[in-house]
$ cat data39.cif   # mmCIF, C-alpha atoms and all ligand atoms
data_my_file
#
loop_
_atom_site.label_atom_id
_atom_site.label_comp_id
_atom_site.auth_asym_id
_atom_site.auth_seq_id
_atom_site.Cartn_x
_atom_site.Cartn_y
_atom_site.Cartn_z
CA MET A 1 0.00 0.00 0.00
CA ARG A 2 1.26 3.41 -0.87
CA PRO A 3 1.34 5.84 2.05
CA GLN A 4 -1.24 8.55 2.08
CA SER A 5 -0.06 11.14 -0.39
CA THR A 6 -2.32 14.11 0.17
CA MET A 7 -1.67 16.99 2.46
CA LYS A 8 -4.92 18.91 2.41
CA ARG A 9 -4.29 21.37 5.17
CA LEU A 10 -0.99 22.63 3.87
CA ALA A 11 -0.98 26.06 2.35
CA LEU A 12 0.95 25.12 -0.73
CA VAL A 13 2.54 27.79 -2.85
CA ALA A 14 2.28 27.11 -6.54
CA ALA A 15 5.47 26.22 -8.37
CA ALA A 16 6.26 29.78 -9.35
CA MET A 17 9.18 30.38 -7.09
CA ALA A 18 11.38 31.89 -9.75
CA VAL A 19 9.03 34.71 -10.61
CA ALA A 20 6.49 35.27 -7.87
CA VAL A 21 7.28 37.72 -5.12
CA PRO A 22 4.54 37.93 -2.48
CA ALA A 23 3.01 41.37 -2.01
CA HIS A 24 4.34 41.72 1.53
CA ALA A 25 7.89 41.19 0.30
CA GLN A 26 7.98 44.02 -2.19
CA ALA A 27 10.81 45.76 -0.39
CA LEU A 28 13.01 42.90 -1.47
CA THR A 29 14.37 43.68 -4.87
CA ALA A 30 15.18 40.17 -6.02
CA CYS A 31 15.89 36.65 -5.09
CA LYS A 32 16.45 33.73 -7.37
CA TRP A 33 15.63 30.08 -7.13
CA GLY A 34 16.56 27.24 -9.38
CA SER A 35 13.93 24.82 -10.66
CA PRO A 36 12.20 22.56 -8.12
CA GLY A 37 14.60 19.84 -7.03
CA TYR A 38 17.74 21.93 -7.37
CA SER A 39 17.87 23.54 -3.93
CA TRP A 40 19.45 22.12 -0.80
CA ALA A 41 20.65 22.98 2.67
CA MET A 42 24.44 22.94 2.55
CA LYS A 43 27.18 22.99 5.16
CA THR A 44 29.66 25.70 4.17
CA PRO A 45 32.69 27.22 5.89
CA GLU A 46 30.33 30.00 7.03
CA GLY A 47 27.70 27.71 8.50
CA THR A 48 24.70 25.97 7.01
CA LYS A 49 23.26 27.85 4.06
CA ILE A 50 20.56 27.28 1.50
CA ALA A 51 21.95 26.55 -1.93
CA THR A 52 20.08 26.77 -5.20
CA GLY A 53 21.42 25.76 -8.61
CA ILE A 54 20.56 27.95 -11.60
CA SER A 55 22.13 27.16 -14.96
CA GLY A 56 25.86 27.62 -14.45
CA ASP A 57 25.67 29.07 -10.96
CA VAL A 58 25.10 28.04 -7.39
CA ILE A 59 23.67 30.75 -5.16
CA LEU A 60 24.38 30.33 -1.47
CA TYR A 61 21.94 32.12 0.82
CA SER A 62 23.07 32.72 4.38
CA SER A 63 20.65 31.55 6.96
CA LEU A 64 21.06 33.67 10.05
CA THR A 65 22.88 36.73 8.75
CA LEU A 66 21.65 39.68 6.74
CA SER A 67 24.25 39.29 4.03
CA PRO A 68 23.00 38.81 0.46
CA GLY A 69 23.31 35.58 -1.44
CA LYS A 70 26.65 34.71 -2.99
CA VAL A 71 26.71 33.65 -6.63
CA ILE A 72 29.33 31.05 -7.47
CA PRO A 73 29.89 29.94 -11.07
CA VAL A 74 30.15 26.15 -11.22
CA GLY A 75 29.31 25.32 -14.85
CA ASN A 76 26.02 24.00 -16.15
CA PHE A 77 26.53 20.35 -15.28
CA TRP A 78 23.18 19.54 -13.68
CA SER A 79 21.54 16.22 -14.31
CA GLY A 80 17.84 15.31 -14.34
CA LEU A 81 15.66 15.38 -11.24
CA GLY A 82 16.70 12.81 -8.67
CA TYR A 83 20.28 12.41 -9.84
CA ASN A 84 21.85 15.43 -8.12
CA TRP A 85 23.10 15.09 -4.58
CA VAL A 86 24.60 17.24 -1.87
CA GLY A 87 26.88 15.54 0.65
CA ASP A 88 30.36 15.72 2.08
CA PHE A 89 32.13 13.50 -0.41
CA ASN A 90 35.68 14.18 0.73
CA GLY A 91 35.01 14.30 4.45
CA ASP A 92 36.30 17.83 5.11
CA GLY A 93 33.12 18.94 6.87
CA PHE A 94 31.71 20.95 3.96
CA ASP A 95 29.02 19.73 1.61
CA ASP A 96 29.83 19.06 -2.01
CA ILE A 97 27.66 18.45 -5.09
CA ALA A 98 27.54 15.36 -7.31
CA SER A 99 25.43 14.95 -10.41
CA ALA A 100 25.13 11.80 -12.51
CA ASN A 101 24.57 11.66 -16.25
CA GLY A 102 24.86 8.09 -17.46
CA SER A 103 28.26 6.78 -16.48
CA THR A 104 29.64 10.24 -15.72
CA VAL A 105 29.43 11.77 -12.27
CA GLU A 106 30.19 15.47 -12.17
CA MET A 107 31.62 16.52 -8.82
CA ARG A 108 31.83 20.01 -7.36
CA LEU A 109 33.90 19.91 -4.19
CA GLN A 110 33.62 22.86 -1.87
CA THR A 111 37.01 24.18 -0.81
CA ASN A 112 38.00 26.47 2.01
CA ASN A 113 41.47 27.97 1.53
CA VAL A 114 43.23 24.79 0.47
CA PRO A 115 46.91 25.75 -0.04
CA ILE A 116 48.67 25.11 -3.33
CA SER A 117 52.22 26.12 -4.18
CA GLU A 118 53.22 26.39 -7.80
CA CYS A 119 56.88 26.67 -8.74
CA ARG A 120 58.76 27.86 -11.76
CA ARG A 121 62.46 27.66 -12.31
CA GLU A 122 64.27 30.03 -14.54
CA VAL A 123 67.76 30.45 -15.79
CA VAL A 124 68.55 34.09 -16.39
CA ASN A 125 72.00 34.84 -17.78
CA GLY A 126 73.24 31.53 -16.48
CA GLN A 127 71.82 32.03 -12.95
CA SER A 128 69.18 29.55 -11.75
CA LEU A 129 66.18 30.92 -9.90
CA THR A 130 63.18 29.08 -8.47
CA LYS A 131 60.03 31.07 -7.98
CA ARG A 132 57.22 29.79 -5.83
CA GLN A 133 53.74 31.19 -5.84
CA ASP A 134 51.23 30.28 -3.13
CA TYR A 135 47.54 30.13 -3.91
CA LYS A 136 44.52 29.07 -1.96
CA LEU A 137 41.68 27.12 -3.50
CA SER A 138 38.22 28.37 -2.68
CA GLY A 139 34.79 27.88 -4.17
CA PHE A 140 33.83 24.62 -5.89
CA GLN A 141 36.52 22.52 -7.56
CA LYS A 142 35.40 20.63 -10.63
CA ASP A 143 35.96 16.95 -11.24
CA SER A 144 34.38 14.48 -13.63
CA LEU A 145 34.47 10.76 -12.80
CA GLN A 146 33.26 7.55 -14.41
CA VAL A 147 31.14 4.90 -12.69
CA SER A 148 29.85 1.55 -13.90
CA GLY A 149 26.35 0.09 -13.67
CA SER A 150 22.90 1.54 -14.16
CA TRP A 151 20.80 3.98 -12.19
CA GLY A 152 17.55 3.14 -10.42
CA ALA A 153 14.35 5.08 -11.02
CA PRO A 154 14.20 8.76 -9.99
CA GLY A 155 13.83 9.03 -6.23
CA TYR A 156 15.69 5.81 -5.52
CA SER A 157 19.21 7.23 -5.52
CA TRP A 158 20.70 8.75 -2.42
CA THR A 159 23.92 10.01 -0.97
CA GLY A 160 25.25 8.82 2.37
CA ASP A 161 28.26 7.18 3.96
CA PHE A 162 27.40 3.55 3.39
CA ASP A 163 30.80 2.08 4.31
CA GLY A 164 31.38 4.37 7.28
CA ASP A 165 34.71 5.88 6.20
CA GLY A 166 33.55 9.45 6.82
CA ARG A 167 33.00 10.29 3.17
CA ALA A 168 29.69 10.39 1.32
CA ASP A 169 28.99 7.77 -1.31
CA ILE A 170 26.14 7.40 -3.82
CA ALA A 171 23.64 4.52 -3.76
CA THR A 172 20.99 3.67 -6.34
CA ALA A 173 18.32 1.01 -5.91
CA SER A 174 16.54 -1.14 -8.47
CA GLY A 175 14.59 -4.20 -7.35
CA ASN A 176 16.82 -6.38 -5.23
CA ASP A 177 19.99 -4.52 -6.10
CA VAL A 178 21.48 -1.50 -4.41
CA ARG A 179 24.46 -0.32 -6.41
CA ILE A 180 26.82 1.73 -4.26
CA HIS A 181 29.49 3.99 -5.65
CA PHE A 182 32.02 4.43 -2.83
CA TYR A 183 34.00 7.62 -3.06
CA ASP A 184 37.69 7.88 -2.24
CA PHE A 185 39.26 11.31 -2.05
CA THR A 186 42.84 11.42 -3.31
CA GLY A 187 43.61 15.11 -2.82
CA TYR A 188 43.46 18.34 -4.79
CA THR A 189 47.13 18.60 -5.61
CA VAL A 190 50.01 16.46 -6.78
CA PRO A 191 53.74 17.20 -6.67
CA ALA A 192 54.53 19.57 -9.47
CA THR A 193 56.78 19.25 -12.42
CA GLN A 194 58.68 22.45 -12.87
CA TRP A 195 59.60 24.12 -16.08
CA LEU A 196 63.19 25.05 -16.54
CA TYR A 197 63.76 27.64 -19.16
CA ASP A 198 66.48 29.93 -20.22
CA ALA A 199 65.15 33.44 -20.31
CA GLY A 200 68.45 34.65 -21.67
CA HIS A 201 68.20 32.45 -24.75
CA SER A 202 66.33 33.73 -27.76
CA PRO A 203 63.94 32.13 -28.44
CA ALA A 204 63.56 30.89 -24.84
CA THR A 205 64.19 27.16 -24.39
CA TYR A 206 62.09 25.01 -22.05
CA GLN A 207 62.60 21.61 -20.49
CA ARG A 208 60.85 19.72 -17.75
CA GLU A 209 62.52 18.69 -14.55
CA PRO A 210 61.22 16.97 -11.39
CA GLY A 211 59.47 19.15 -8.88
CA TYR A 212 60.49 20.03 -5.36
CA ALA A 213 58.46 18.61 -2.51
CA SER A 214 57.02 22.00 -1.71
CA CYS A 215 55.75 22.48 -5.26
CA SER A 216 52.32 21.29 -6.27
CA THR A 217 49.77 21.61 -8.99
CA LEU A 218 46.11 20.68 -9.36
CA ALA A 219 45.58 16.95 -9.83
CA ASP A 220 43.77 15.62 -12.90
CA HIS A 221 41.23 14.00 -10.58
CA PHE A 222 40.56 14.64 -6.92
CA GLY A 223 39.13 11.19 -6.21
CA GLN A 224 37.55 8.08 -7.65
CA PHE A 225 34.55 5.80 -7.24
CA THR A 226 34.66 2.08 -6.51
CA SER A 227 31.32 0.41 -7.19
CA LYS A 228 29.70 -2.62 -5.51
CA THR A 229 26.23 -4.12 -5.63
CA TRP A 230 24.56 -5.09 -2.35
CA SER A 231 21.43 -7.25 -2.33
CA VAL A 232 18.22 -6.44 -0.49
CA PRO A 233 14.89 -8.27 -0.36
CA GLY A 234 13.10 -5.38 -2.12
CA GLY A 235 9.69 -4.37 -0.83
CA TRP A 236 10.16 -0.74 -1.77
CA GLY A 237 7.65 1.91 -0.81
CA ALA A 238 7.12 4.98 -2.94
CA ALA A 239 10.15 7.11 -3.81
CA ASP A 240 9.07 9.96 -1.52
CA TYR A 241 8.85 7.46 1.32
CA SER A 242 12.32 5.96 0.87
CA TRP A 243 15.29 7.59 2.55
CA ALA A 244 18.98 7.08 3.24
CA ALA A 245 20.16 8.06 6.73
CA ASP A 246 21.79 6.48 9.76
CA PHE A 247 18.72 5.06 11.49
CA ASN A 248 20.60 2.87 13.99
CA GLY A 249 23.30 5.42 14.80
CA ASP A 250 26.32 3.19 14.14
CA GLY A 251 27.95 5.69 11.78
CA THR A 252 26.95 4.06 8.51
CA THR A 253 24.09 5.19 6.30
CA ASP A 254 21.10 2.87 6.11
CA ILE A 255 18.06 2.90 3.82
CA ALA A 256 14.46 2.90 5.04
CA THR A 257 11.37 2.52 2.90
CA ALA A 258 7.81 2.91 4.16
CA ASN A 259 4.70 1.10 2.99
CA GLY A 260 1.64 2.19 4.93
CA GLY A 261 2.18 1.09 8.53
CA ASN A 262 5.40 -0.76 7.82
CA ILE A 263 8.90 0.67 7.68
CA ARG A 264 11.54 -1.67 6.25
CA VAL A 265 15.08 -0.74 7.21
CA PHE A 266 18.13 -1.95 5.32
CA SER A 267 20.96 -1.27 7.74
CA SER A 268 24.49 -1.19 6.38
CA LYS A 269 26.90 -3.60 8.05
CA GLY A 270 29.78 -1.29 7.21
CA GLY A 271 32.82 -1.64 4.99
CA ARG A 272 32.51 -2.23 1.28
CA THR A 273 31.63 -5.89 1.36
CA GLY A 274 29.32 -5.69 4.34
CA GLY A 275 25.91 -5.53 2.70
CA PHE A 276 22.61 -4.75 4.41
CA ASP A 277 20.61 -6.37 7.20
CA SER A 278 16.89 -6.09 6.56
CA LYS A 279 14.23 -5.65 9.23
CA ASP A 280 10.55 -4.64 9.25
CA PHE A 281 9.00 -2.38 11.88
CA SER A 282 5.30 -1.78 12.36
CA VAL A 283 4.83 1.96 12.82
CA PRO A 284 1.40 3.65 13.22
CA MET A 285 2.61 6.75 11.36
CA PRO A 286 0.02 9.30 10.19
CA TRP A 287 1.82 10.06 6.95
CA GLY A 288 1.53 13.47 5.37
CA SER A 289 2.49 14.14 1.78
CA GLY A 290 5.71 12.48 0.71
CA ALA A 291 7.06 15.83 -0.43
CA TYR A 292 6.83 16.99 3.19
CA THR A 293 8.34 13.82 4.66
CA TRP A 294 12.00 13.67 5.65
CA ALA A 295 14.57 11.55 7.49
CA ALA A 296 16.77 13.48 9.94
CA ASP A 297 17.78 13.39 13.60
CA PHE A 298 15.24 15.48 15.48
CA ASN A 299 16.21 14.54 19.06
CA LYS A 300 20.01 14.70 18.67
CA ASP A 301 20.67 11.13 19.78
CA GLY A 302 22.66 10.41 16.60
CA LYS A 303 19.94 8.25 15.06
CA ALA A 304 17.87 9.46 12.15
CA ASP A 305 14.13 9.74 12.70
CA ILE A 306 11.39 10.07 10.08
CA ALA A 307 9.11 13.10 10.08
CA SER A 308 6.01 13.88 8.07
CA ALA A 309 4.32 17.27 8.21
CA SER A 310 0.67 18.09 7.82
CA GLY A 311 -0.51 21.63 8.53
CA ASP A 312 0.39 22.58 12.10
CA THR A 313 1.67 19.16 13.12
CA ILE A 314 4.80 17.20 12.38
CA SER A 315 4.51 13.52 13.17
CA ILE A 316 7.93 12.09 13.94
CA ALA A 317 8.79 8.41 14.07
CA ILE A 318 11.59 8.56 16.65
CA ALA A 319 14.17 5.77 16.27
CA GLN A 320 14.19 3.51 19.33
CA PRO A 321 15.75 3.05 21.80
CA VAL A 322 16.64 6.71 22.16
CA GLY A 323 20.35 7.32 22.68
CA GLN A 324 21.52 3.73 22.28
CA LYS A 325 23.80 3.83 19.28
CA GLY A 326 23.99 0.92 16.87
CA VAL A 327 20.66 -0.56 18.01
CA LEU A 328 17.31 -0.07 16.29
CA THR A 329 14.29 -1.79 17.81
CA GLY A 330 11.57 0.28 16.14
CA PHE A 331 10.07 3.75 15.93
CA ALA A 332 7.80 5.57 18.41
CA VAL A 333 5.52 8.19 16.87
CA GLU A 334 5.37 11.66 18.43
CA ARG A 335 3.17 14.49 17.25
CA GLN A 336 4.86 17.86 17.57
CA PRO A 337 3.34 21.29 16.89
CA ILE A 338 4.77 23.63 14.24
CA THR A 339 3.54 26.95 12.88
CA ASN A 340 1.50 26.34 9.74
CA TRP A 341 3.58 28.41 7.35
CA TRP A 342 4.83 26.30 4.51
CA GLY A 343 6.43 27.12 1.21
CA ASP A 344 6.61 24.71 -1.68
CA ALA A 345 8.09 21.34 -0.75
CA ALA A 346 10.95 21.77 -3.23
CA TYR A 347 11.99 24.85 -1.26
CA THR A 348 11.54 23.34 2.20
CA PHE A 349 14.71 22.17 3.92
CA VAL A 350 15.26 19.96 6.94
CA LYS A 351 18.72 20.29 8.42
CA ASP A 352 20.35 21.38 11.67
CA PHE A 353 20.51 25.10 10.94
CA THR A 354 21.05 26.19 14.55
CA GLY A 355 23.92 23.79 15.25
CA ASP A 356 22.45 22.19 18.38
CA GLY A 357 22.25 18.71 16.84
CA ARG A 358 18.50 18.76 16.21
CA ALA A 359 17.11 19.01 12.69
CA ASP A 360 15.17 22.21 12.04
CA VAL A 361 12.80 23.17 9.25
CA ALA A 362 13.30 26.06 6.83
CA THR A 363 10.79 26.84 4.10
CA ALA A 364 10.67 29.49 1.39
CA ARG A 365 7.86 31.33 -0.35
CA GLY A 366 9.38 33.48 -3.01
CA CYS A 367 11.87 35.71 -1.22
CA ASP A 368 10.46 34.97 2.21
CA VAL A 369 12.22 32.24 4.15
CA LYS A 370 11.23 31.17 7.62
CA MET A 371 13.01 28.71 9.89
CA SER A 372 11.34 26.77 12.68
CA ALA A 373 13.92 25.49 15.14
CA SER A 374 13.36 22.14 16.78
CA THR A 375 13.08 22.32 20.58
CA GLY A 376 13.03 18.57 21.04
CA SER A 377 9.33 18.48 21.82
CA GLY A 378 8.12 20.80 19.08
CA PHE A 379 9.25 23.67 16.89
CA ALA A 380 9.79 27.28 17.97
CA ALA A 381 7.93 30.11 16.26
CA PRO A 382 9.46 30.63 12.82
CA VAL A 383 12.32 33.08 12.49
CA ASP A 384 12.15 35.32 9.45
CA TRP A 385 15.14 34.98 7.13
CA ARG A 386 13.83 37.01 4.25
CA TYR A 387 16.47 39.70 4.47
CA SER A 388 19.14 37.21 3.55
CA LEU A 389 17.45 36.72 0.18
CA ARG A 390 17.89 40.21 -1.15
CA ALA A 391 19.51 40.68 -4.53
CA PRO A 392 22.46 38.34 -4.72
CA SER A 393 25.87 39.85 -5.12
CA THR A 394 27.93 38.68 -8.03
CA GLY A 395 31.53 37.72 -8.45
CA GLY A 396 31.86 35.01 -5.85
CA ALA A 397 35.15 33.19 -5.70
CA THR A 398 35.74 30.08 -7.70
CA GLY A 399 38.68 28.07 -8.84
CA ILE A 400 42.00 29.55 -7.96
CA SER A 401 41.81 32.77 -5.99
CA PRO A 402 44.37 35.54 -6.43
CA PRO A 403 47.73 34.81 -4.86
CA THR A 404 47.73 35.32 -1.12
CA SER A 405 51.48 35.31 -0.57
CA TYR A 406 54.62 35.29 -2.59
CA ASN A 407 57.29 34.09 -0.15
CA GLY A 408 59.44 36.78 -1.64
CA CYS A 409 59.43 34.97 -4.96
CA GLY A 410 56.48 36.34 -6.81
CA LEU A 411 56.08 35.74 -10.47
CA GLY A 412 56.88 38.68 -12.64
CA SER A 413 59.54 40.12 -10.41
CA VAL A 414 62.82 38.38 -9.92
CA VAL A 415 63.67 39.07 -6.31
CA GLY A 416 66.12 36.33 -5.48
CA THR A 417 66.77 32.63 -5.39
CA CYS A 418 64.06 30.79 -3.52
CA GLN A 419 64.19 27.05 -2.82
CA CA A 501 33.44 18.27 1.34
CA CA A 502 31.90 6.43 2.38
CA CA A 503 23.60 2.75 10.29
CA CA A 504 17.01 10.57 16.62
#

$ encode --input "data39.cif" --output "structure tokens" --more "lines below"
Ligand SMILES: [Ca+2]
Ligand SMILES: [Ca+2]
Ligand SMILES: [Ca+2]
Ligand SMILES: [Ca+2]
Amino acid sequence: MRPQSTMKRLALVAAAMAVAVPAHAQALTACKWGSPGYSWAMKTPEGTKIATGISGDVILYSSLTLSPGKVIPVGNFWSGLGYNWVGDFNGDGFDDIASANGSTVEMRLQTNNVPISECRREVVNGQSLTKRQDYKLSGFQKDSLQVSGSWGAPGYSWTGDFDGDGRADIATASGNDVRIHFYDFTGYTVPATQWLYDAGHSPATYQREPGYASCSTLADHFGQFTSKTWSVPGGWGAADYSWAADFNGDGTTDIATANGGNIRVFSSKGGRTGGFDSKDFSVPMPWGSGAYTWAADFNKDGKADIASASGDTISIAIAQPVGQKGVLTGFAVERQPITNWWGDAAYTFVKDFTGDGRADVATARGCDVKMSASTGSGFAAPVDWRYSLRAPSTGGATGISPPTSYNGCGLGSVVGTCQ
């Protein structure tokens, strides 16, 4: 049986986010949203923000500050609905983006001042000089990787750390197969090869020579995927009622799928050959619409719970027993009050915005964004975030930022011999 899929009491905003600005928000000159399905809550070096992908850009909207959105060019790599994911693929604490198109996975890894030192060696009038230039990588670094196997139907692909190594992977389910693409991060830089050239020779002559340990350059690839197929007994619920999260709190991502009053949990046994254990739990959950149903940890015990909103109530299936990591004996349903102010589901985000370990709810109507913080037994009155969605600034950093230091050996000015 498919879970109840209507949500009559919700004040739904029509899918016109990109153009409609509510009358009471006229003071706001602009805000932009990507198409439904291309917005996410994202951990960034400046806290958890709301990200939206539009053509070749990602706009990051701050949550709690009054600063305008930051536009970051990333290239127009987006895949179809259901095959774009946000997760921390390299385990540095900041969320990244992956997008699958056939056998190609486009990666955009968020960087925060990653140092890189490029070197150049010159011979000028017979004197050898090494020049080192220090950069810092910021913004999203681009990578394009190949994976093998096929993708499940839209809504049955997720990101999560299925082997428990601290880095997000990608899983896609089809029938009894869950294909998992495990991600290994290999680093942004590799030791550099320097170029030796004779500036005093006309025309200048160039030859390669091995790099010094302190010299680096961007690697061709920053990581790779290793793919495995794990078997499950199937029994899938609808796509909107299937989630990947750590339901038993052992540090590995599991998959849960709901069918009416039954939640089937495939819990990862860890590692890359571990596979899933499968268990059914009877849960008297009053499901709301699947678009307003999420898996997240609402009581900060490290185990993901499942919440479904309907009007002024969120019903939460709390993973049991509370606080006992690695053990899942079922779910206990709690009904918690929340202010009935909902934007469109595609612009509603469940994530720990306040940093207290409990998942909160943020929802956008046009340029108005409100966040309802979880208190553990309910949700506080929504905080208005609309000021953070004023006209985005342009020119956000990407790729290699301007040099931050020269170590006395800046390019363009020969100042000495630097090793
Ligand atoms: Ca990351
Ligand atoms: Ca992993
Ligand atoms: Ca787990
Ligand atoms: Ca929990």

$ atom_distance --input "data39.cif" --atom1 "atom CA of Pro36 of chain A" --atom2 "atom CA of Gly235 of chain A"
28.0 Å

$ residues_near_point --input "data39.cif" --point "(30.1, 25.5, 5.4)" --cutoff "9 Å" --atoms "all atoms listed in the file" --output "list in words"
Met42, Lys43, Thr44, Pro45, Glu46, Gly47, Thr48, Lys49, Gly93, Phe94, Asp95, Gln110 and Asn112 of chain A

$ write_last_selection --input "data39.cif" --atoms "C-alpha atoms" --output "PDB file, in the coordinates of the input"
ATOM      1  CA  MET A  42      24.440  22.940   2.550  1.00  0.00           C
ATOM      2  CA  LYS A  43      27.180  22.990   5.160  1.00  0.00           C
ATOM      3  CA  THR A  44      29.660  25.700   4.170  1.00  0.00           C
ATOM      4  CA  PRO A  45      32.690  27.220   5.890  1.00  0.00           C
ATOM      5  CA  GLU A  46      30.330  30.000   7.030  1.00  0.00           C
ATOM      6  CA  GLY A  47      27.700  27.710   8.500  1.00  0.00           C
ATOM      7  CA  THR A  48      24.700  25.970   7.010  1.00  0.00           C
ATOM      8  CA  LYS A  49      23.260  27.850   4.060  1.00  0.00           C
ATOM      9  CA  GLY A  93      33.120  18.940   6.870  1.00  0.00           C
ATOM     10  CA  PHE A  94      31.710  20.950   3.960  1.00  0.00           C
ATOM     11  CA  ASP A  95      29.020  19.730   1.610  1.00  0.00           C
ATOM     12  CA  GLN A 110      33.620  22.860  -1.870  1.00  0.00           C
ATOM     13  CA  ASN A 112      38.000  26.470   2.010  1.00  0.00           C
TER      14      ASN A 112
END

$ residues_near_ligand --input "data39.cif" --ligand "ligand CA 504 (chain A)" --cutoff "8 Å" --atoms "all atoms listed in the file" --output "list in words"
Phe247, Ala296, Asp297, Phe298, Asn299, Lys300, Asp301, Gly302, Lys303, Ala304, Asp305, Ile318, Ala319, Val322 and Gly323 of chain A

$ residues_near_ligand --input "data39.cif" --ligand "ligand CA 501 (chain A)" --cutoff "12 Å" --atoms "only C-alpha atoms and all ligand atoms" --output "count of residues only"
39

$ residues_around --input "data39.cif" --residues "Tyr38 of chain A" --least-positions-apart "2" --cutoff "10 Å" --atoms "all atoms listed in the file" --output "ChimeraX atom specification"
/A:33-36,40,51-54,58,78-82,84-86,346-347

$ residues_near_point --input "data39.cif" --point "(13.5, 9.9, -9.9)" --cutoff "9 Å" --atoms "all atoms listed in the file" --output "compact mmCIF listing (two decimals) with C-alpha atoms, keeping the file's coordinate frame"
# COMPACT_ATOMS: atom_id res chain seq x y z
CA GLY A 80 17.84 15.31 -14.34
CA LEU A 81 15.66 15.38 -11.24
CA GLY A 82 16.70 12.81 -8.67
CA TYR A 83 20.28 12.41 -9.84
CA GLY A 152 17.55 3.14 -10.42
CA ALA A 153 14.35 5.08 -11.02
CA PRO A 154 14.20 8.76 -9.99
CA GLY A 155 13.83 9.03 -6.23
CA TYR A 156 15.69 5.81 -5.52
CA SER A 157 19.21 7.23 -5.52
CA ALA A 239 10.15 7.11 -3.81

$ residues_near_ligand --input "data39.cif" --ligand "ligand CA 503 (chain A)" --cutoff "7 Å" --atoms "all atoms listed in the file" --output "list in words"
Asp246, Phe247, Asn248, Gly249, Asp250, Gly251, Thr252, Thr253, Asp254, Ser267, Ser268 and Gly326 of chain A

$ atom_distance --input "data39.cif" --atom1 "atom CA of Thr226 of chain A" --atom2 "atom CA of Ser174 of chain A"
18.5 Å

$ residues_around --input "data39.cif" --residues "Lys136 of chain A" --least-positions-apart "4" --cutoff "6 Å" --atoms "only C-alpha atoms" --output "VMD selection string"
chain A and resid 113 to 116

$ atom_distance --input "data39.cif" --atom1 "atom CA of Arg272 of chain A" --atom2 "atom CA of Asp163 of chain A"
5.5 Å

$ closest_residue --input "data39.cif" --among "A:Phe379, A:Trp158, A:Phe353, A:Phe182" --to "ligand CA 502 (chain A)" --atoms "only C-alpha atoms and all ligand atoms"
A:Phe182

$ build_atoms --input "data39.cif" --residues "segment 172-183 of chain A" --atoms "N, CA and C atoms" --output "compact mmCIF listing (two decimals), in the frame of the given file"
# COMPACT_ATOMS: atom_id res chain seq x y z
N THR A 172 22.16 3.64 -5.47
CA THR A 172 20.99 3.67 -6.34
C THR A 172 20.35 2.29 -6.32
N ALA A 173 19.02 2.27 -6.14
CA ALA A 173 18.32 1.01 -5.91
C ALA A 173 17.43 0.67 -7.09
N SER A 174 17.42 -0.62 -7.41
CA SER A 174 16.54 -1.14 -8.47
C SER A 174 16.22 -2.58 -8.10
N GLY A 175 14.98 -2.84 -7.74
CA GLY A 175 14.59 -4.20 -7.35
C GLY A 175 15.37 -4.68 -6.16
N ASN A 176 16.07 -5.81 -6.35
CA ASN A 176 16.82 -6.38 -5.23
C ASN A 176 18.26 -5.91 -5.17
N ASP A 177 18.60 -5.00 -6.05
CA ASP A 177 19.99 -4.52 -6.10
C ASP A 177 20.10 -3.09 -5.60
N VAL A 178 21.09 -2.87 -4.75
CA VAL A 178 21.48 -1.50 -4.41
C VAL A 178 22.93 -1.36 -4.86
N ARG A 179 23.12 -0.56 -5.89
CA ARG A 179 24.46 -0.32 -6.41
C ARG A 179 25.05 0.86 -5.64
N ILE A 180 26.22 0.66 -5.06
CA ILE A 180 26.82 1.73 -4.26
C ILE A 180 28.14 2.14 -4.90
N HIS A 181 28.25 3.43 -5.14
CA HIS A 181 29.49 3.99 -5.65
C HIS A 181 30.22 4.63 -4.48
N PHE A 182 31.25 3.94 -3.98
CA PHE A 182 32.02 4.43 -2.83
C PHE A 182 33.05 5.44 -3.31
N TYR A 183 33.09 6.55 -2.63
CA TYR A 183 34.00 7.62 -3.06
C TYR A 183 35.27 7.61 -2.23
